[in-house]
$ cat target-v9.tsv   # TSV, C-alpha atoms
chain	number	residue	atom	x	y	z
A	3	MET	CA	150.24	106.20	98.67
A	4	LYS	CA	148.03	106.05	95.63
A	5	ASP	CA	147.75	103.13	93.23
A	6	THR	CA	148.48	105.37	90.25
A	7	LEU	CA	149.82	108.88	89.95
A	8	ILE	CA	146.94	110.12	87.80
A	9	SER	CA	143.89	107.89	87.95
A	10	ARG	CA	140.81	107.76	85.77
A	11	GLU	CA	138.91	109.22	88.75
A	12	ASP	CA	141.31	112.19	88.87
A	13	ILE	CA	140.52	112.84	85.21
A	14	ARG	CA	136.77	112.49	85.79
A	15	ARG	CA	136.97	115.21	88.45
A	16	LEU	CA	138.52	117.65	85.96
A	17	HIS	CA	135.39	118.27	83.92
A	18	PRO	CA	131.82	116.94	83.63
A	19	ILE	CA	132.47	115.83	80.05
A	20	PHE	CA	134.58	112.97	81.44
A	21	ARG	CA	131.62	111.78	83.53
A	22	GLY	CA	129.12	111.76	80.67
A	23	LYS	CA	128.00	109.14	78.18
A	24	TYR	CA	131.32	109.16	76.30
A	25	GLY	CA	133.48	109.88	79.37
A	26	ASP	CA	135.43	106.63	79.35
A	27	GLN	CA	136.14	106.89	75.63
A	28	LEU	CA	137.36	110.48	76.06
A	29	ILE	CA	139.54	109.46	79.00
A	30	ASN	CA	141.07	106.62	76.95
A	31	LEU	CA	141.77	109.02	74.09
A	32	GLY	CA	143.24	111.62	76.47
A	33	ILE	CA	145.50	109.07	78.12
A	34	LYS	CA	146.70	107.85	74.72
A	35	LEU	CA	147.31	111.37	73.32
A	36	SER	CA	149.04	112.70	76.43
A	37	ALA	CA	150.92	109.45	77.22
A	38	LEU	CA	149.75	109.57	80.85
A	39	ASN	CA	150.63	105.90	81.16
A	40	VAL	CA	154.33	106.90	81.13
A	41	PRO	CA	154.37	108.99	84.34
A	42	ASN	CA	152.06	106.42	85.94
A	43	GLU	CA	154.56	103.64	85.16
A	44	ILE	CA	157.48	105.73	86.44
A	45	TYR	CA	155.58	106.53	89.66
A	46	ASP	CA	154.63	102.87	90.12
A	47	ARG	CA	158.29	101.76	90.20
A	48	SER	CA	159.24	104.11	93.06
A	49	LYS	CA	156.02	104.74	95.01
A	50	HIS	CA	157.13	102.54	97.91
A	51	LEU	CA	159.43	105.42	98.98
A	52	THR	CA	158.76	109.03	100.00
A	53	GLY	CA	160.56	112.38	100.06
A	54	PRO	CA	164.22	112.53	99.02
A	55	ALA	CA	164.46	108.72	98.94
A	56	PHE	CA	161.64	108.62	96.35
A	57	CYS	CA	163.44	111.32	94.33
A	58	LYS	CA	166.77	109.46	94.39
A	59	ASP	CA	165.19	106.14	93.43
A	60	LEU	CA	163.18	107.70	90.61
A	61	LEU	CA	166.16	109.61	89.16
A	62	ASP	CA	168.41	106.53	89.43
A	63	LYS	CA	165.86	104.33	87.64
A	64	LEU	CA	165.48	106.93	84.89
A	65	GLY	CA	169.28	107.05	84.48
A	66	VAL	CA	169.50	110.76	85.31
A	67	LYS	CA	173.07	111.66	86.28
A	68	ARG	CA	173.46	114.38	88.88
A	69	THR	CA	176.48	116.33	90.04
A	70	LEU	CA	176.31	118.35	93.23
A	71	ARG	CA	178.96	121.04	93.22
A	72	ASN	CA	179.97	123.10	96.24
A	73	GLU	CA	178.25	120.69	98.62
A	74	HIS	CA	180.19	122.22	101.50
A	75	ILE	CA	178.15	125.42	101.12
A	76	LEU	CA	175.00	123.53	102.12
A	77	GLN	CA	176.72	122.47	105.34
A	78	ASP	CA	177.27	126.15	106.19
A	79	PHE	CA	173.48	126.46	106.54
A	80	LYS	CA	173.02	123.64	109.07
A	81	ASN	CA	170.56	124.87	111.73
A	82	LEU	CA	170.04	128.18	109.90
A	83	PRO	CA	166.99	129.28	107.91
A	84	PHE	CA	167.50	129.73	104.18
A	85	VAL	CA	165.52	130.07	100.97
A	86	THR	CA	166.30	128.50	97.62
A	87	VAL	CA	165.05	130.29	94.52
A	88	SER	CA	164.63	128.39	91.28
A	89	ASN	CA	163.15	128.91	87.86
A	90	HIS	CA	163.23	125.47	86.33
A	91	ALA	CA	163.31	125.19	82.58
A	92	TYR	CA	162.77	121.47	83.11
A	93	GLY	CA	160.93	121.85	86.40
A	94	HIS	CA	159.91	118.27	86.90
A	95	ILE	CA	163.47	116.90	86.79
A	96	ASP	CA	165.16	119.96	88.33
A	97	GLY	CA	162.68	120.06	91.20
A	98	ILE	CA	163.00	116.35	91.91
A	99	ALA	CA	166.82	116.65	91.86
A	100	ALA	CA	166.70	119.69	94.17
A	101	ILE	CA	164.54	117.83	96.67
A	102	GLU	CA	166.96	114.90	96.57
A	103	ALA	CA	170.05	117.12	96.97
A	104	VAL	CA	168.79	119.55	99.60
A	105	GLY	CA	166.01	117.51	101.20
A	106	SER	CA	168.34	114.61	101.98
A	107	ARG	CA	170.50	117.02	104.01
A	108	PHE	CA	167.74	119.12	105.61
A	109	GLU	CA	164.70	117.22	106.92
A	110	ASP	CA	162.44	120.28	106.88
A	111	TYR	CA	163.26	121.37	103.31
A	112	LYS	CA	160.19	122.34	101.30
A	113	MET	CA	159.68	123.53	97.75
A	114	MET	CA	156.81	125.69	96.53
A	115	VAL	CA	154.92	123.86	93.78
A	116	ASN	CA	151.72	124.33	91.82
A	117	VAL	CA	148.65	122.24	92.48
A	118	ILE	CA	149.43	119.87	89.59
A	119	LEU	CA	152.73	118.78	91.13
A	120	SER	CA	151.03	118.33	94.48
A	121	LEU	CA	149.37	115.23	92.99
A	122	ILE	CA	152.69	113.44	93.57
A	123	ASP	CA	151.81	112.25	97.07
A	124	THR	CA	155.16	110.54	97.62
A	125	MET	CA	156.87	113.95	97.62
A	126	SER	CA	154.20	115.86	99.57
A	127	GLU	CA	156.35	116.11	102.71
A	128	ASN	CA	158.61	118.45	100.72
A	129	PHE	CA	155.86	120.54	99.09
A	130	ILE	CA	154.19	123.85	99.81
A	131	THR	CA	151.28	123.80	97.38
A	132	VAL	CA	150.16	127.05	95.76
A	133	TYR	CA	147.50	127.94	93.21
A	134	PRO	CA	148.97	130.32	90.62
A	135	MET	CA	145.59	131.90	89.83
A	136	LYS	CA	143.90	135.02	91.12
A	137	ASN	CA	141.04	133.69	93.16
A	138	GLU	CA	140.24	134.54	96.77
A	139	GLU	CA	139.39	130.93	97.71
A	140	LYS	CA	142.56	129.56	96.13
A	141	ASN	CA	144.68	132.35	97.65
A	142	ARG	CA	143.51	131.25	101.11
A	143	TYR	CA	144.73	127.74	100.32
A	144	THR	CA	148.09	129.10	99.15
A	145	PHE	CA	148.62	131.26	102.25
A	146	THR	CA	147.65	128.37	104.51
A	147	GLY	CA	150.34	126.22	102.88
A	148	ILE	CA	152.95	128.94	103.32
A	149	ARG	CA	152.00	129.48	106.98
A	150	GLU	CA	152.22	125.74	107.70
A	151	SER	CA	155.79	125.64	106.51
$ encode --input "target-v9.tsv" --output "structure tokens"
Amino acid sequence: MKDTLISREDIRRLHPIFRGKYGDQLINLGIKLSALNVPNEIYDRSKHLTGPAFCKDLLDKLGVKRTLRNEHILQDFKNLPFVTVSNHAYGHIDGIAAIEAVGSRFEDYKMMVNVILSLIDTMSENFITVYPMKNEEKNRYTFTGIRES
């Protein structure tokens, strides 16, 4: 587990400008403008857990109420392969709730996520990381992740 969700070093790796003479000042400004301290604080409160347990703890601490309807349908898929398809308007919360709901019932449940979400190491056991760009090198990474699952 990482100390922080998005560290200053993560930001430095994004672009050479953050490693230059004014790098630290630009990082401070970026953190302030984007409020990166907020997700870091949220992550810090639940990072002792992983997978669906991390998701449940995080959602509980944020006060997010969830209702799982038709739970019996999930039980019909015990020991059977299945695919869930989602287009999340609020992907961060919806995805975390889906991993809690389905992942707590199926140990091998995985969700396809972009490389940004893959930074959340406490949920990595439930991720298949993909790069949504057209690039041969990145496509190899995406297909490797799909094959592993």
$ closest_residue --input "target-v9.tsv" --among "A:Met114, A:Ala37, A:Leu70, A:Leu82" --to "Ser126 (chain A)" --atoms "all atoms listed in the file"
A:Met114
$ closest_residue --input "target-v9.tsv" --among "A:Asn72, A:Thr52, A:Thr6, A:Gln77" --to "Arg107 (chain A)" --atoms "only C-alpha atoms"
A:Gln77
$ residues_around --input "target-v9.tsv" --residues "Met113 (chain A)" --least-positions-apart "5" --cutoff "7 Å" --atoms "only C-alpha atoms" --output "ChimeraX atom specification"
/A:128-130
$ residues_near_point --input "target-v9.tsv" --point "(148.5, 111.6, 84.3)" --cutoff "9 Å" --atoms "all atoms listed in the file" --output "VMD selection string"
chain A and resid 6 to 10 12 to 13 33 36 to 42
$ atom_distance --input "target-v9.tsv" --atom1 "CA of Ile118 (chain A)" --atom2 "CA of Leu76 (chain A)"
28.7 Å
$ residues_around --input "target-v9.tsv" --residues "Met125 (chain A)" --least-positions-apart "2" --cutoff "8 Å" --atoms "all atoms listed in the file" --output "PyMOL selection string"
chain A and resi 52-54+56-57+120+122-123+127-129
$ write_last_selection --input "target-v9.tsv" --atoms "C-alpha atoms" --output "mmCIF file, in the coordinates of the input"
data_model
loop_
_atom_site.group_PDB
_atom_site.id
_atom_site.type_symbol
_atom_site.label_atom_id
_atom_site.label_comp_id
_atom_site.auth_asym_id
_atom_site.auth_seq_id
_atom_site.Cartn_x
_atom_site.Cartn_y
_atom_site.Cartn_z
ATOM 1 C CA THR A 52 158.760 109.030 100.000
ATOM 2 C CA GLY A 53 160.560 112.380 100.060
ATOM 3 C CA PRO A 54 164.220 112.530 99.020
ATOM 4 C CA PHE A 56 161.640 108.620 96.350
ATOM 5 C CA CYS A 57 163.440 111.320 94.330
ATOM 6 C CA SER A 120 151.030 118.330 94.480
ATOM 7 C CA ILE A 122 152.690 113.440 93.570
ATOM 8 C CA ASP A 123 151.810 112.250 97.070
ATOM 9 C CA GLU A 127 156.350 116.110 102.710
ATOM 10 C CA ASN A 128 158.610 118.450 100.720
ATOM 11 C CA PHE A 129 155.860 120.540 99.090
#
$ atom_distance --input "target-v9.tsv" --atom1 "CA of Lys67 (chain A)" --atom2 "CA of Asp110 (chain A)"
24.7 Å
$ axis_aligned_box --input "target-v9.tsv" --around "region 21-36 of chain A" --padding-each-side "4 Å" --output "lines of an AutoDock Vina configuration file"
center_x = 138.5
center_y = 109.7
center_z = 78.4
size_x = 29.0
size_y = 14.1
size_z = 18.2
$ residues_around --input "target-v9.tsv" --residues "Gly97 (chain A)" --least-positions-apart "2" --cutoff "12 Å" --atoms "all atoms listed in the file" --output "ChimeraX atom specification"
/A:53-54,57-58,61,86-95,99-105,112-116,119,125,128-129
$ residues_around --input "target-v9.tsv" --residues "Val117 (chain A)" --least-positions-apart "5" --cutoff "8 Å" --atoms "all atoms listed in the file" --output "PDB file with C-alpha atoms, in the frame of the given file"
ATOM      1  CA  THR A 131     151.280 123.800  97.380  1.00  0.00           C
ATOM      2  CA  VAL A 132     150.160 127.050  95.760  1.00  0.00           C
ATOM      3  CA  TYR A 133     147.500 127.940  93.210  1.00  0.00           C
TER       4      TYR A 133
END
$ atom_distance --input "target-v9.tsv" --atom1 "CA of Asp59 (chain A)" --atom2 "CA of Tyr111 (chain A)"
18.3 Å
$ closest_residue --input "target-v9.tsv" --among "A:Thr124, A:Asn81, A:Ser48, A:Thr69" --to "Phe108 (chain A)" --atoms "only C-alpha atoms"
A:Asn81
